[in-house]
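> Here it is, the structure in full.
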Amino acid sequence: MDLSITRADHGDHTVVHLGGEIDVYTAPFVREKLDEQIHAGRADLIVDLSEVTFLDSTGLGVLVGRLKFARTRGGSLRLVGTSERVLRVFAITGLDKVFDIHPDLESALATPDGGEAPMPPASSAHR
């Protein structure tokens with residue numbers, strides 16, 4: 001499995017750093033790890049995709065689902081990413097309008113809560 005996951009707390013936010021490939025094989029593990037954070041009461045998440053080299057539709061589905069889950073718990077989910085390859089996937093699918101995507105961790109941490117994009121229609125996010 002070409003995936004790394006680490007976690008660090010920054011005040012009220014939990015930063016989950018992902019690295020490697022997020023695809024049909026690794027996405028369930030990402031879902032599990034993000035769900036663990038939300039279930040533990042750490043629903044204000046920042047997912048750092050800076051070290052992600054590949055992201056497919058399964059990975060996107062996991063991120064959309066965790067965004068919805070975090071919001072049902074009164075939290076948020078922001079993304080950090082600079083890879084053109086990964087950001088292009090968000091742009092092509094229109095999810096760059098759904099997620100609050102930042103170029104670096106500092107800007108994601110500095111954004112006030114509530115500054116997020118609206119949720120996608122339910123039909124596109126049932127993972």
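Note on naming: chains are A, B, ... as they come in the structure tokens, residues start from 1 per chain, ligands start from 1 in the order shown.
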Using only C-alpha atoms, determine which residues lie at most 10 Å from A:Gly41, disregarding the query and same-chain residues fewer than 2 positions distant; provide the list as a PDB file with N, CA, C and O atoms, in the first residue's frame.

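part.pdb, written as the output of this step:
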ATOM      1  N   ASP A  35     -12.663   8.865   9.865  1.00  0.00           N
ATOM      2  CA  ASP A  35     -13.812   8.573  10.732  1.00  0.00           C
ATOM      3  C   ASP A  35     -13.394   8.434  12.194  1.00  0.00           C
ATOM      4  O   ASP A  35     -14.110   8.872  13.094  1.00  0.00           O
ATOM      5  N   GLU A  36     -12.241   7.836  12.439  1.00  0.00           N
ATOM      6  CA  GLU A  36     -11.746   7.709  13.819  1.00  0.00           C
ATOM      7  C   GLU A  36     -11.608   9.084  14.469  1.00  0.00           C
ATOM      8  O   GLU A  36     -11.960   9.254  15.638  1.00  0.00           O
ATOM      9  N   GLN A  37     -11.095  10.038  13.711  1.00  0.00           N
ATOM     10  CA  GLN A  37     -10.922  11.389  14.256  1.00  0.00           C
ATOM     11  C   GLN A  37     -12.269  12.023  14.583  1.00  0.00           C
ATOM     12  O   GLN A  37     -12.458  12.604  15.651  1.00  0.00           O
ATOM     13  N   ILE A  38     -13.216  11.901  13.666  1.00  0.00           N
ATOM     14  CA  ILE A  38     -14.531  12.514  13.862  1.00  0.00           C
ATOM     15  C   ILE A  38     -15.259  11.850  15.022  1.00  0.00           C
ATOM     16  O   ILE A  38     -15.829  12.529  15.877  1.00  0.00           O
ATOM     17  N   HIS A  39     -15.229  10.516  15.086  1.00  0.00           N
ATOM     18  CA  HIS A  39     -15.871   9.800  16.191  1.00  0.00           C
ATOM     19  C   HIS A  39     -15.256  10.166  17.538  1.00  0.00           C
ATOM     20  O   HIS A  39     -15.935  10.142  18.562  1.00  0.00           O
ATOM     21  N   ALA A  43     -13.776  16.904  15.041  1.00  0.00           N
ATOM     22  CA  ALA A  43     -14.514  17.064  13.789  1.00  0.00           C
ATOM     23  C   ALA A  43     -14.067  18.271  12.975  1.00  0.00           C
ATOM     24  O   ALA A  43     -14.544  18.468  11.861  1.00  0.00           O
ATOM     25  N   ASP A  44     -13.171  19.098  13.503  1.00  0.00           N
ATOM     26  CA  ASP A  44     -12.614  20.201  12.723  1.00  0.00           C
ATOM     27  C   ASP A  44     -11.305  19.717  12.121  1.00  0.00           C
ATOM     28  O   ASP A  44     -10.241  19.794  12.734  1.00  0.00           O
ATOM     29  N   ALA A  70     -18.300  15.260   8.999  1.00  0.00           N
ATOM     30  CA  ALA A  70     -17.763  16.261   9.927  1.00  0.00           C
ATOM     31  C   ALA A  70     -18.799  17.349  10.193  1.00  0.00           C
ATOM     32  O   ALA A  70     -18.978  17.793  11.334  1.00  0.00           O
ATOM     33  N   ARG A  73     -21.451  16.611  12.650  1.00  0.00           N
ATOM     34  CA  ARG A  73     -20.939  16.657  14.018  1.00  0.00           C
ATOM     35  C   ARG A  73     -20.547  18.081  14.426  1.00  0.00           C
ATOM     36  O   ARG A  73     -19.844  18.276  15.411  1.00  0.00           O
ATOM     37  N   GLY A  74     -20.971  19.063  13.641  1.00  0.00           N
ATOM     38  CA  GLY A  74     -20.664  20.453  13.962  1.00  0.00           C
ATOM     39  C   GLY A  74     -19.257  20.875  13.599  1.00  0.00           C
ATOM     40  O   GLY A  74     -18.761  21.895  14.062  1.00  0.00           O
ATOM     41  N   GLY A  75     -18.592  20.084  12.759  1.00  0.00           N
ATOM     42  CA  GLY A  75     -17.210  20.368  12.400  1.00  0.00           C
ATOM     43  C   GLY A  75     -17.051  20.869  10.979  1.00  0.00           C
ATOM     44  O   GLY A  75     -18.011  21.313  10.344  1.00  0.00           O
TER      45      GLY A  75
END
> Apply DSSP to the structure's backbone, then extract all residues of stretch 5-125 of chain A labelled strand (DSSP E) and return them as a ChimeraX atom specification.
/A:5-10,13-22,44-55,76-80,100-102
> May I have the residues within 7 Å of stretch 1-10 of chain A as a PyMOL selection string, using only C-alpha atoms and disregarding those fewer than 2 positions away in the same chain?
chain A and resi 12-21+26
> Mind giving me the straight-line distance from atom CA of A:Ala108 to atom CA of A:Tyr25 in Å, one decimal?
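Computing it gives 28.0 Å between the two atoms.
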> Where does DSSP see alpha helix (DSSP H) in stretch 19-126 of chain A, if you list the residues as a ChimeraX atom specification?
/A:27-39,57-72,84-93,105-110
> Determine the nearest neighbour of A:Val86 from the options A:Glu32, A:Asp23, A:Glu106, A:Asp56, counting only C-alpha atoms.
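Of all the options, A:Asp56 lies closest to A:Val86.
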> Rank nothing, just name the residue among A:Ile46, A:Leu60, A:Leu34, A:Leu105 nearest to A:Thr82, using only C-alpha atoms.
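Residue with the minimum atom-to-atom distance to A:Thr82: A:Leu105.
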> Have a look at atom CA of A:Leu55 and atom CA of A:Asp104 and let me know their distance in Å, one decimal.
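Atom CA of A:Leu55 sits 18.3 Å away from atom CA of A:Asp104.
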